[in-house]
Amino acid sequence: MKEKRKTTNAGNGQKTAAGKKGGLSRQAKRDLVAYSFIAPNFIGFAVFTLVPIIFAFALAFMDWDGSNAIRFVGLANFIKLPQDTFFKAAFKNTIIYVIGTVPLTMIASLALAIVLNQKIKARGFFRTVAFFPYVASLVAITAVWGMIFHPSKGPVNYLLLTVFGVPQNELPKWFSGSLVLFTLILFSVWKYMGYYMVIYLAGLQGISAELYEAGSLDGANTWQKFKYITWPQLRSTTFFVVVMLTINCFKVYDIAVMLAGGGDGKLSTSATVLVYYIYQNAFNYWDLGYSSAIAMVLFVLVLIITLIQFRYEKKLES
Amino acid sequence: MSAEKEKKLRSKRRNAVIGKVCIYAILLLITAAMVVPFLWMLSASIKSNREVFLMDPFEWIPKVPKWDNYIKIWTKIPLLKFVQNTVFLTIVVTCLQLLTSSFAAYSFAKLEFKHKNALFLAYIATIAMPWQVYMVPQFIMMRAMGLNDKLLAMICLQAFSAFGVFMMKQFYDGIPIDLCEAARIDGMSEYGIYAKIMLPLSKPALSTLTIFTFVNTWNDYLGPLIYLKTETKKTIQLGLKMFIGQYSAEYGLIMAGSVLSLIPVIIVFLCLQKYFVEGVASTGLKG
């Protein structure tokens with residue numbers, strides 16, 4: 001009996017040891033399960049996004065045409081930048097485009113969201129319509145805009161000529177010269193406001209109705225309700241919208257090429273943007289190092305502005 | 001006193017009416033701005049080149065609609081091939097994106113494991129990084145892997161976005177952990193919890209991600225422009241742009257092609273839109 005107990009004890013001991021071992025391997029097993037969930041996405045993400053990003057940083061300090069030997073040139077690519085007039089034009093246009101598009105889109109989408117958050121008839125229809133330009137393909141709708149704003153034959157200039165009496169030779173050339181950036185901004189606001197409207201709608205639905213009721217009791221008018229309830233409550237939404245808008249606006253390429261590029265898709269200095277010049281240097285001139293240096297400028301711009309926005313948001317929070 | 005009160009009330013009511021009128025006026029104006037280009041597109045797609053810019057008299061529907069624009073466009077360019085390529089790409093990318101992102105997001109939201117924060121940080125850090133910054137080295141790499149001019153390159157490029165993982169994780173964070181714990185106690189495996197509990201709950205988030213991925217892949221231009229060189233591999237956006245470049249004066253045909261290129265996206269959007277606002281709200285996309 002004593003012996004028996006001993007064996008059971010020993011058995012128990014073994015069991016606990018095994019249990020401990022099993023516990024350890026259970027944690028390892030858990031890790032493995034977790035990794036198995038992540039792996040399909042992460043492998044693709046690491047190979048096709050992380051590696052090229054690291055590669056991009058290195059490439060900016062190299063001289064390479066993609067086939068011959070790669071050569072380290074230090075800051076030479078960056079030193080060339082300030083003397084390059086086309087780069088300067090691209091830089092300036094991109095900044096103007098961002099400064100024009102971000103606030104206008106934000107205001108338009110917020111206004112639209114507030115209106116479409118009211119109890120009005122056919123709300124669903126209006127929401128869908130406002131979102132339409134966002135889902136529509138760029139090639140198709142830029143073709144339409146090209147026709148509607150056609151300098152000599154389009155209906156917009158026809159209206160300006162017949163209804164508003166603008167003389168024939170003063171009709172605006174929407175897609176060239178100094179007006180082209182304005183047209184790009186107008187188009188972008190039109191295309192993207194529906195998307196940011198949805199984000200604002202989601203934000204508005206998170207504001208409790210009690211706040212507005214309390215406001216009404218205090219005799220606040222519509223403007224005061226907006227100023228003291230809606231706007232502060234939407235702060236994090238606005239932050240998100242502005243950050244996303246800024247990042248997306250810096251990426252502008254296809255809108256410019258399709259609206260202002262003509263048949264061959266070439267942009268002049270009045271309409272060129274940074275991404276266009278990255279593309280040109282890489283795939284037309286095969287100057288990969290220089291192209292990457294411009295890409296770095298784009299990256300640093302986005303980074304700085306995002307950081308400023310984050311800092312501002314932090315300041316508001318406290 | 002009471003007269004003044006009545007006056008105040010009346011002016012308040014009048015303000016409310018004026019407000020309503022203003023709202024509808026703004027709405028109608030915006031709706032017109034949104035819709036007119038699309039109506040113009042439809043109208044121009046059944047016109048001859050001469051009628052397209054005819055303003056006096058302007059007709060939305062021409063007396064003799066040129067329906068054969070919609071037939072001709074298929075023979076002028078290999079549109080069928082373009083559509084096949086785009087449909088294939090879009091479906092594969094969207095499925096892969098939904099599957100792998102929701103899979104990875106489940107792990108980030110509901111499991112504890114080593115290096116979790118570091119791995120997630122890698123995803124977050126790249127969200128603010130425009131693709132255009134690393135598109136060139138990415139192309140060089142793909143070329144070295146022999147993927148240049150292959151549809152597979154486009155799939156690799158678009159199927160594993162950080163955005164998808166981030167969005168799905170935000171959504172899963174909102175689902176109470178108790179649900180998973182209860183299922184674990186019942187002896188369900190993590191894969192079972194993902195498939196039987198999480199997935200059925202994530203319809204709004206999945207719909208939202210589907211709309212984003214479908215729209216982005218279907219409408220992408222710069223990606224295919226860099227990678228797809230052979231005509232038979234091109235997507236509908238490239239094909240349409242090519243056609244516009246060659247026949248810039250064939251307005252009727254261009255518009256017919258444009259209308260055709262919009263149909264699939266609009267169908268997908270209309271099918272999924274009822275989940276859309278809810279999806280954006282619950283995935284923390286609002287910030």
# chains A, B, ... in the order shown; residues from 1 in each chain; ligands from 1
$ select_by_dssp --residues "segment 2-84 of chain B" --states "alpha helix (DSSP H)" --output "ChimeraX atom specification"
/B:2-44,49-52,69-76,79-84
$ interface_residues --of "chain B" --to "chain A" --cutoff "6 Å" --atoms "only C-alpha atoms" --output "list of chain:residue names"
B:Thr100, B:Phe103, B:Ala104, B:Ser107, B:Phe113, B:Val133, B:Tyr134, B:Pro137, B:Gln138, B:Phe160, B:Val215, B:Asn219, B:Gly245, B:Ser258, B:Leu262, B:Ala281, B:Lys286, B:Gly287
$ write_last_selection --atoms "N, CA and C atoms" --output "PDB file, in the first residue's frame"
ATOM      1  N   THR B 100      -6.561  37.321 -45.793  1.00  0.00           N
ATOM      2  CA  THR B 100      -5.321  37.455 -45.030  1.00  0.00           C
ATOM      3  C   THR B 100      -5.417  38.570 -43.998  1.00  0.00           C
ATOM      4  N   PHE B 103      -7.608  37.457 -41.056  1.00  0.00           N
ATOM      5  CA  PHE B 103      -6.855  36.404 -40.369  1.00  0.00           C
ATOM      6  C   PHE B 103      -5.802  37.031 -39.451  1.00  0.00           C
ATOM      7  N   ALA B 104      -4.976  37.891 -40.020  1.00  0.00           N
ATOM      8  CA  ALA B 104      -3.912  38.525 -39.234  1.00  0.00           C
ATOM      9  C   ALA B 104      -4.496  39.421 -38.149  1.00  0.00           C
ATOM     10  N   SER B 107      -5.523  37.716 -34.938  1.00  0.00           N
ATOM     11  CA  SER B 107      -4.390  37.433 -34.073  1.00  0.00           C
ATOM     12  C   SER B 107      -3.967  38.682 -33.299  1.00  0.00           C
ATOM     13  N   PHE B 113       0.917  37.080 -27.910  1.00  0.00           N
ATOM     14  CA  PHE B 113       2.082  36.322 -28.369  1.00  0.00           C
ATOM     15  C   PHE B 113       3.311  37.212 -28.381  1.00  0.00           C
ATOM     16  N   VAL B 133       6.435  56.310 -52.827  1.00  0.00           N
ATOM     17  CA  VAL B 133       7.800  56.479 -52.346  1.00  0.00           C
ATOM     18  C   VAL B 133       8.632  55.238 -52.658  1.00  0.00           C
ATOM     19  N   TYR B 134       8.009  54.062 -52.586  1.00  0.00           N
ATOM     20  CA  TYR B 134       8.813  52.842 -52.813  1.00  0.00           C
ATOM     21  C   TYR B 134       8.372  52.065 -54.044  1.00  0.00           C
ATOM     22  N   PRO B 137      11.776  50.933 -56.272  1.00  0.00           N
ATOM     23  CA  PRO B 137      12.488  49.741 -55.821  1.00  0.00           C
ATOM     24  C   PRO B 137      11.616  48.490 -55.858  1.00  0.00           C
ATOM     25  N   GLN B 138      10.326  48.663 -55.588  1.00  0.00           N
ATOM     26  CA  GLN B 138       9.429  47.512 -55.644  1.00  0.00           C
ATOM     27  C   GLN B 138       9.404  46.926 -57.053  1.00  0.00           C
ATOM     28  N   PHE B 160      -1.742  42.558 -49.998  1.00  0.00           N
ATOM     29  CA  PHE B 160      -1.306  42.465 -48.595  1.00  0.00           C
ATOM     30  C   PHE B 160      -1.142  43.831 -47.957  1.00  0.00           C
ATOM     31  N   VAL B 215     -12.816  48.809 -55.259  1.00  0.00           N
ATOM     32  CA  VAL B 215     -12.750  50.094 -55.963  1.00  0.00           C
ATOM     33  C   VAL B 215     -11.300  50.434 -56.323  1.00  0.00           C
ATOM     34  N   ASN B 219      -9.986  50.421 -60.188  1.00  0.00           N
ATOM     35  CA  ASN B 219      -9.692  51.738 -60.749  1.00  0.00           C
ATOM     36  C   ASN B 219      -8.209  52.081 -60.782  1.00  0.00           C
ATOM     37  N   GLY B 245      -5.979  58.058 -75.805  1.00  0.00           N
ATOM     38  CA  GLY B 245      -4.776  58.607 -76.395  1.00  0.00           C
ATOM     39  C   GLY B 245      -4.772  58.475 -77.914  1.00  0.00           C
ATOM     40  N   SER B 258     -16.372  54.272 -71.043  1.00  0.00           N
ATOM     41  CA  SER B 258     -16.370  54.751 -69.667  1.00  0.00           C
ATOM     42  C   SER B 258     -17.572  54.215 -68.896  1.00  0.00           C
ATOM     43  N   LEU B 262     -17.676  51.596 -65.495  1.00  0.00           N
ATOM     44  CA  LEU B 262     -18.231  51.977 -64.190  1.00  0.00           C
ATOM     45  C   LEU B 262     -19.175  50.916 -63.619  1.00  0.00           C
ATOM     46  N   ALA B 281     -17.913  53.369 -39.223  1.00  0.00           N
ATOM     47  CA  ALA B 281     -18.036  53.780 -37.833  1.00  0.00           C
ATOM     48  C   ALA B 281     -17.374  52.775 -36.908  1.00  0.00           C
ATOM     49  N   LYS B 286     -12.999  56.521 -38.400  1.00  0.00           N
ATOM     50  CA  LYS B 286     -13.306  57.919 -38.140  1.00  0.00           C
ATOM     51  C   LYS B 286     -12.274  58.536 -37.190  1.00  0.00           C
ATOM     52  N   GLY B 287     -11.323  57.696 -36.743  1.00  0.00           N
ATOM     53  CA  GLY B 287     -10.247  58.206 -35.896  1.00  0.00           C
ATOM     54  C   GLY B 287     -10.486  57.949 -34.442  1.00  0.00           C
TER      55      GLY B 287
END
$ residues_around --residues "Ile96 of chain A" --least-positions-apart "4" --cutoff "12 Å" --atoms "only C-alpha atoms" --output "number ranges by chain"
A: 89-92, 100-103, 178, 180-182, 184-185, 246, 249-250, 252, 270-274
$ closest_residue --among "A:Ala60, A:Leu307, A:Met193, A:Leu179" --to "Asn93 of chain A" --atoms "only C-alpha atoms"
A:Leu179
$ residues_around --residues "Phe276 of chain B" --least-positions-apart "5" --cutoff "7 Å" --atoms "only C-alpha atoms" --output "number ranges by chain"
B: 204, 207-208
$ select_by_dssp --residues "segment 26-264 of chain A" --states "strand (DSSP E or B)" --output "list in words"
Met62, Asp63, Arg71 and Phe72 of chain A
$ residues_around --residues "segment 146-157 of chain B" --least-positions-apart "2" --cutoff "8 Å" --atoms "only C-alpha atoms" --output "list in words"
Gly44 and Phe48 of chain A; Asn85, Leu89, Val92, Val93, Phe139, Met142, Arg143, Ala144, Ala159, Phe160, Gly223, Pro224, Tyr227, Leu228, Lys229, Thr230 and Lys233 of chain B
$ write_last_selection --atoms "N, CA and C atoms" --output "JSON list (two decimals), in the first residue's frame"
[["chain", "number", "residue", "atom", "x", "y", "z"],
["A", 44, "GLY", "N", 3.65, 38.35, -47.30],
["A", 44, "GLY", "CA", 3.42, 39.19, -48.47],
["A", 44, "GLY", "C", 3.76, 40.64, -48.18],
["A", 48, "PHE", "N", 6.83, 42.46, -50.13],
["A", 48, "PHE", "CA", 6.46, 43.43, -51.17],
["A", 48, "PHE", "C", 6.31, 44.86, -50.67],
["B", 85, "ASN", "N", -9.09, 40.52, -67.64],
["B", 85, "ASN", "CA", -7.92, 40.75, -66.78],
["B", 85, "ASN", "C", -8.32, 41.48, -65.51],
["B", 89, "LEU", "N", -8.10, 40.08, -61.72],
["B", 89, "LEU", "CA", -7.27, 40.77, -60.74],
["B", 89, "LEU", "C", -8.07, 41.21, -59.53],
["B", 92, "VAL", "N", -9.34, 38.25, -57.30],
["B", 92, "VAL", "CA", -8.27, 37.59, -56.55],
["B", 92, "VAL", "C", -7.73, 38.51, -55.45],
["B", 93, "VAL", "N", -7.48, 39.76, -55.81],
["B", 93, "VAL", "CA", -6.93, 40.70, -54.83],
["B", 93, "VAL", "C", -7.90, 40.90, -53.67],
["B", 139, "PHE", "N", 9.37, 47.82, -58.05],
["B", 139, "PHE", "CA", 9.36, 47.35, -59.43],
["B", 139, "PHE", "C", 10.66, 46.61, -59.77],
["B", 142, "MET", "N", 10.52, 43.22, -58.20],
["B", 142, "MET", "CA", 9.58, 42.33, -58.91],
["B", 142, "MET", "C", 10.20, 41.87, -60.23],
["B", 143, "ARG", "N", 10.91, 42.81, -60.88],
["B", 143, "ARG", "CA", 11.54, 42.47, -62.15],
["B", 143, "ARG", "C", 12.59, 41.39, -61.93],
["B", 144, "ALA", "N", 13.35, 41.55, -60.84],
["B", 144, "ALA", "CA", 14.36, 40.54, -60.54],
["B", 144, "ALA", "C", 13.72, 39.19, -60.25],
["B", 159, "ALA", "N", -2.46, 42.81, -52.66],
["B", 159, "ALA", "CA", -3.24, 41.91, -51.82],
["B", 159, "ALA", "C", -2.88, 41.97, -50.34],
["B", 160, "PHE", "N", -1.74, 42.56, -50.00],
["B", 160, "PHE", "CA", -1.31, 42.46, -48.60],
["B", 160, "PHE", "C", -1.14, 43.83, -47.96],
["B", 223, "GLY", "N", -0.26, 51.54, -60.96],
["B", 223, "GLY", "CA", 0.29, 50.19, -60.79],
["B", 223, "GLY", "C", 0.35, 49.44, -62.10],
["B", 224, "PRO", "N", -0.80, 49.23, -62.75],
["B", 224, "PRO", "CA", -0.78, 48.55, -64.04],
["B", 224, "PRO", "C", 0.07, 49.25, -65.08],
["B", 227, "TYR", "N", 3.61, 48.05, -64.48],
["B", 227, "TYR", "CA", 3.92, 46.63, -64.60],
["B", 227, "TYR", "C", 3.46, 45.98, -65.90],
["B", 228, "LEU", "N", 2.27, 46.35, -66.39],
["B", 228, "LEU", "CA", 1.68, 45.58, -67.50],
["B", 228, "LEU", "C", 1.97, 46.25, -68.82],
["B", 229, "LYS", "N", 2.84, 45.63, -69.62],
["B", 229, "LYS", "CA", 3.26, 46.24, -70.88],
["B", 229, "LYS", "C", 2.57, 45.60, -72.09],
["B", 230, "THR", "N", 2.41, 44.29, -72.09],
["B", 230, "THR", "CA", 1.79, 43.61, -73.23],
["B", 230, "THR", "C", 0.32, 43.98, -73.30],
["B", 233, "LYS", "N", -2.35, 41.90, -71.57],
["B", 233, "LYS", "CA", -2.33, 41.81, -70.10],
["B", 233, "LYS", "C", -2.94, 43.04, -69.47]]
$ closest_atom_pairs --of "segment 56-112 of chain B" --to "segment 190-199 of chain B" --cutoff "9 Å" --atoms "only C-alpha atoms" --output "JSON lines"
{"residue": "B:Ser102", "atom": "CA", "partner": "B:Leu199", "partner_atom": "CA", "distance": 8.2}
{"residue": "B:Phe103", "atom": "CA", "partner": "B:Tyr194", "partner_atom": "CA", "distance": 7.7}
{"residue": "B:Tyr106", "atom": "CA", "partner": "B:Tyr194", "partner_atom": "CA", "distance": 7.0}
{"residue": "B:Leu111", "atom": "CA", "partner": "B:Glu190", "partner_atom": "CA", "distance": 8.9}
$ atom_distance --atom1 "atom CA of Trp60 of chain B" --atom2 "atom CA of Val163 of chain A"
19.6 Å
$ atom_distance --atom1 "atom CA of Val36 of chain B" --atom2 "atom CA of Thr94 of chain A"
28.6 Å
$ atom_distance --atom1 "atom CA of Ile71 of chain B" --atom2 "atom CA of Gly257 of chain B"
9.9 Å
